[in-house]
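Q: Sharing a structure, written as structure tokens. Questions coming.
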Amino acid sequence: MKSLVAAFCLLLLAAPAAAETLNVKVGVLRETHSRETISILDIPAADDTLAGALLGTADNNTTGKFTNQTFEAIDARLEEGDDVVVALDSLFDKGALFIIADLSPERLLAASERAKPKGALLFNVSATDDRLREDDCRANVVHVAPTRSMLADGLTQYLVWKQWRRWLLIKGSHPKDELLAQALRNSAKKFGAKIVEERLYEDTGGGRRSDSGSVQTQRQMPLLTQNASAYDALIAADESDVFGGYLPYRTWDPRPVAGSAGLTPTNWDPAHEQWGALQLQNRFIQTFRRLMNARDNAAWLAMRMIGEAATRTASNDPEKLRLYMLGKDFSIAAFKGVRLTLRPWNLQLRQPILLSDGRIIVSVSPQEGFLHQTSELDTLGLDQPETKCKLN
Amino acid sequence: MQIELTNAPSPTLPRWRGRGSRFGLSTMLARLPRHGRACPGHPRVGPNAVDASNKRGHDASYAISVTMAASLCAALSVTPAHAYKAYVSNEKGNSITVIDTDKLDATATVKVGRRPRGVALNKDGSELYICAGDDDAIQVLDTKTLKITGKLPSGPDPELLALSPDGNVIYVSNENDNLVTLIDVKKKEMIGDIPVGVEPEGMAVSPDGKLLVNTSETTNMAHLIDTQSKEIVANILVDGRPRFAEFKKDGSELWVSSEVGGTVAVIDPAKRELKQKISFEMPAMSKEAIQPIGISFTRDGKRAFVALGPANRVAVIDAETKRIEKYLLVGQRVWHLAFTPDEKYLLTANGVSNDVSVIDVASLKVVKSIPVGAFPWGVVVAPQ
């Protein structure tokens, strides 16, 4: 009874609380990610991405008790070949006008097109493609995931700080690998690193698991890396997880590995503990009995952005929330040591990039000394003067 | 576009760290202030110093000259004062450093539990309560014997605590369960808890003991709680990641600092509403680096000091007009602040530079830096 009275008092006194409960429904539209990973630690769980959205929902609902708002996450999982539009329509039917999207670029653009007449707002939590923020940017897609160019710049700043400026770049044979390689080339040029040699690792197919796999890779990787021009760091561009993970400790010359393996740039890592991050990691582990990966974190953050904007505007109208997020009053805390804000020209979330060795966070970029007239976070990725995005 | 790395440290940095320069580490970690100074409260490492350190071998002589200058300044500016004892929690050192505020020097280091952060003294200063986060307990330190005499049950990972004015109840935020926990100090028992927002953190009790405030870091609210009924009576939205709350001594205002939002919210506790927000701006300082944390008011309520975290500054604010009078350069990542009881000095705990800056309150100058343990976080001064 006491708590009922308390709850009633809360409703009367809560800052921007509306008289009626405001319900915010968020669809979680997620692809099934490949289980072909070099390390079994990276095999996605059944609730990959979704778990992060659920934790964000729980956080928002705790706040919602005081503001008379409730939040709900509705899961929609796509298998290969499923039609994204059909799945999206079913989310709209359930009343979800906010969509956390863990989709390939093609599916994301299709979803954006379909969402337009509905006035729905999408949050990209996994696609790192720069084109989605450049030529193919959309006014109804907020990008929580960093771009390849942001990730590459985060890594490059650190390598330059370390004076490891000469790189041997090895890229995989998939189109995604070339996109990452290009981001790394641009980044090297931007910050003064040099790619002394580039090599290709052809994906000849096949699985990752075998009972004696290490015997062969121990012989293959030295061959792949021998007779290279003098270099300081080996950079792997291997988004399909075909060979990068095999490189550390197996190179011909004793050199550090970075990029898709070794020292890896990411928006989140389960080993990140600074700036209160440990609290979020603990909440996640307690609830889901597993570690929080980068997609989980981006989904949590998307949900928190929705929650924060809904709290401040006392609204569940996607357009109102979008305008708030674009405004000067919006910022979000994400356990990265600084406030995160949106780049208004392409709806990309500004964010520090963590550099992980898989066990601990080695460093966090932007690195000290890389200056910018607006925000040091804008030293990461394509900046406003270079943008090709025209939002409409 | 080509971006150049300015102030690039030498890749051989770790080598000269061990060569007798006690400023080596802070030089390496420095978010470099843009200006040097003649009479440093701190081992100031301006851009020139970095240039010197790039030519290996210059660092040691630089460090020596800074030490000499610092002690000279201290000798000139320190006039006899009452000797109080300050207690500084060292987050990574797992220790409390005791400082004699007359000598302005550390007199003892006490090993305590793991990850000590929030500290508070009882009324007569005989006991220090220490939030030992990684030990899931509040430890009690006898300030005479400097021995741990016991612990209070706190729930997991206590970070900040507040004491009722009569000293009988401790309020502590329990981050994992979104609760404020009440502890009976004498019985050493939990006597209740109050559900609040996500990641409760800052705690303060009004001078009359009637109102408790808790800030929740992810919910971004100040929860005002009636200490009699133990019910929330108001929830006030503030900016991102509110970390600390402090009442003016007459209870007329409550200030809440938002670390990520970069502002201080001024709340009217009687009307239970937000009056205004104070924001900070400094030339050549990115707005992301300005992260308000600790707040201290002078007893007359005329002036406030706000620690600005990685901006390495303490803001001096006219607490009546809310105008910022001055920014004082202190050590790196300044967390919490404490006055000596005579308000001659304000001490600041500087997390990254492993020291405490001493601000002379009358002249508004930083007069000394006192090396303490690793990653100093909280600071309190005893009235004895």
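To be explicit about the labels: the chains of the structure tokens are called A, B, and onward in the order shown, and within each one the residues are counted from 1, while ligands get numbers from 1 in the order they are shown.
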If we count only C-alpha atoms, what is near segment 87-104 of chain B at a cut-off of 8 Å, once residues fewer than 3 positions away on the same chain are taken out, given as a ChimeraX atom specification?

A: /B:80-84,107-119,130,340,349,368,370,372-382

Q: Only C-alpha atoms, please: the residues just picked out, written as a PDB file, in the first residue's frame.

A:
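In the end it all went to result.pdb:
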ATOM      1  CA  PRO B  80      50.688  28.892  10.333  1.00  0.00           C
ATOM      2  CA  ALA B  81      47.198  27.449  10.381  1.00  0.00           C
ATOM      3  CA  HIS B  82      45.305  25.063  12.586  1.00  0.00           C
ATOM      4  CA  ALA B  83      46.522  21.580  12.067  1.00  0.00           C
ATOM      5  CA  TYR B  84      43.643  19.530  10.775  1.00  0.00           C
ATOM      6  CA  THR B 107      51.840  11.978   7.449  1.00  0.00           C
ATOM      7  CA  ALA B 108      50.551   8.435   7.104  1.00  0.00           C
ATOM      8  CA  THR B 109      49.221   5.933   4.628  1.00  0.00           C
ATOM      9  CA  VAL B 110      46.759   3.324   5.835  1.00  0.00           C
ATOM     10  CA  LYS B 111      46.026   0.129   3.940  1.00  0.00           C
ATOM     11  CA  VAL B 112      42.279  -0.347   3.636  1.00  0.00           C
ATOM     12  CA  GLY B 113      39.851  -2.456   1.583  1.00  0.00           C
ATOM     13  CA  ARG B 114      39.814  -2.671  -2.176  1.00  0.00           C
ATOM     14  CA  ARG B 115      38.817   0.273  -4.363  1.00  0.00           C
ATOM     15  CA  PRO B 116      38.126   2.852  -1.648  1.00  0.00           C
ATOM     16  CA  ARG B 117      36.182   5.825  -2.999  1.00  0.00           C
ATOM     17  CA  GLY B 118      33.502   7.668  -0.984  1.00  0.00           C
ATOM     18  CA  VAL B 119      34.627   8.702   2.516  1.00  0.00           C
ATOM     19  CA  ILE B 130      35.143   4.242   3.747  1.00  0.00           C
ATOM     20  CA  THR B 340      39.636  22.758   6.103  1.00  0.00           C
ATOM     21  CA  ALA B 349      41.734  14.883  -4.959  1.00  0.00           C
ATOM     22  CA  LYS B 368      50.815  23.317  -3.231  1.00  0.00           C
ATOM     23  CA  ILE B 370      50.823  16.937  -2.132  1.00  0.00           C
ATOM     24  CA  VAL B 372      49.352  10.826  -2.234  1.00  0.00           C
ATOM     25  CA  GLY B 373      48.563   7.234  -3.222  1.00  0.00           C
ATOM     26  CA  ALA B 374      47.439   5.858  -6.564  1.00  0.00           C
ATOM     27  CA  PHE B 375      44.301   7.471  -8.074  1.00  0.00           C
ATOM     28  CA  PRO B 376      43.067   9.665  -5.215  1.00  0.00           C
ATOM     29  CA  TRP B 377      39.267   9.994  -5.336  1.00  0.00           C
ATOM     30  CA  GLY B 378      37.564  11.195  -2.144  1.00  0.00           C
ATOM     31  CA  VAL B 379      38.729  13.691   0.476  1.00  0.00           C
ATOM     32  CA  VAL B 380      37.424  14.837   3.868  1.00  0.00           C
ATOM     33  CA  VAL B 381      38.946  16.991   6.608  1.00  0.00           C
ATOM     34  CA  ALA B 382      38.447  16.320  10.327  1.00  0.00           C
TER      35      ALA B 382
END

Q: Determine which residues of segment 145-174 of chain B DSSP labels as strand (DSSP E or B) from the backbone of this structure, then write them out as a PyMOL selection string.

A: chain B and resi 147-153+161-163+169-174

Q: Could those residues be written to a file, using C-alpha atoms, as a tab-separated table (two decimals), in the first residue's frame?

A:
chain	number	residue	atom	x	y	z
B	147	LYS	CA	43.19	0.94	12.44
B	148	ILE	CA	40.16	-0.56	10.74
B	149	THR	CA	37.80	-1.43	13.58
B	150	GLY	CA	34.97	-3.03	11.67
B	151	LYS	CA	32.67	-2.81	8.73
B	152	LEU	CA	29.08	-1.95	7.96
B	153	PRO	CA	26.90	-4.00	5.63
B	161	LEU	CA	27.62	7.65	1.22
B	162	ALA	CA	25.92	10.35	3.28
B	163	LEU	CA	25.52	10.56	7.03
B	169	VAL	CA	22.16	6.63	9.85
B	170	ILE	CA	24.30	6.13	6.78
B	171	TYR	CA	22.65	6.38	3.38
B	172	VAL	CA	24.50	4.54	0.66
B	173	SER	CA	23.74	4.02	-3.01
B	174	ASN	CA	23.53	0.43	-4.11

Q: Which residues are close to segment 136-138 of chain A, i.e. within 7 Å by only C-alpha atoms, leaving aside same-chain residues fewer than 2 positions away? Reply as a list in words.

A: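 Surrounding residues, per the criterion: Arg131, Leu132, Arg133, Glu134, Asn140, Val141, Asn346, Cys389, Leu391 and Asn392 of chain A.
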
Q: Near Glu189 of chain B, within 10 Å and counting only C-alpha atoms, which residues show up once chain neighbours fewer than 2 positions away are dropped, as a PyMOL selection string?

A: chain B and resi 152-154+169+182-187+191-192

Q: Set the distance at 8 Å and use only C-alpha atoms: which residues neighbour Trp275 of chain A once local chain neighbours fewer than 2 positions away are removed? I'd like the list as a list in words.

A: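 Everything that qualifies: Glu273, Ala277, Leu278, Phe335, Lys336 and Gly337 of chain A.
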
Q: Please list as a PyMOL selection string every residue within 9 Å of Arg107 of chain A, counting only C-alpha atoms and excluding residues in the same chain fewer than 4 positions away.

A: chain A and resi 83-85+103+111-112

Q: Excluding same-chain residues fewer than 6 positions from Thr313 of chain A, what lies within 12 Å of it counting only C-alpha atoms, as a VMD selection string?

A: (chain A and resid 15 to 18 22 67 69 306 to 307 319 to 325 327 329 to 330) or (chain B and resid 237)

Q: Pick from A:Leu280, A:Val242, A:Ala233, A:Leu347: nearest to Asp203 of chain A, with only C-alpha atoms counted?

A: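 Using only C-alpha atoms, the shortest distance to Asp203 of chain A belongs to A:Val242.
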
Q: Point out the residue among B:Asn214, B:Thr219, B:Ser296, B:Gln228 with the least atom-to-atom distance to Glu246 of chain B, counting only C-alpha atoms.

A: B:Ser296

Q: Figure out the distance between atom CA of Lys116 of chain A and atom CA of Ala139 of chain A, please, to one decimal in Å.

A: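 Interatomic distance, atom CA of Ala139 of chain A to atom CA of Lys116 of chain A: 9.1 Å.
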
Q: Using DSSP on the backbone coordinates, identify the residues of segment 128-250 of chain A assigned to helix (DSSP H, G or I); present them as a count of residues only.

A: 51

Q: When you count only C-alpha atoms, which of these residues is closest to Gly154 of chain A: A:Ala76, A:Leu354, A:Leu263, A:Ala237?

A: A:Leu354

Q: Nearest residue to Lys65 of chain A out of B:Cys131, B:Ala137, B:Ala120, B:Val198, using only C-alpha atoms?

A: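 The shortest atom-to-atom distance to Lys65 of chain A comes from B:Val198.
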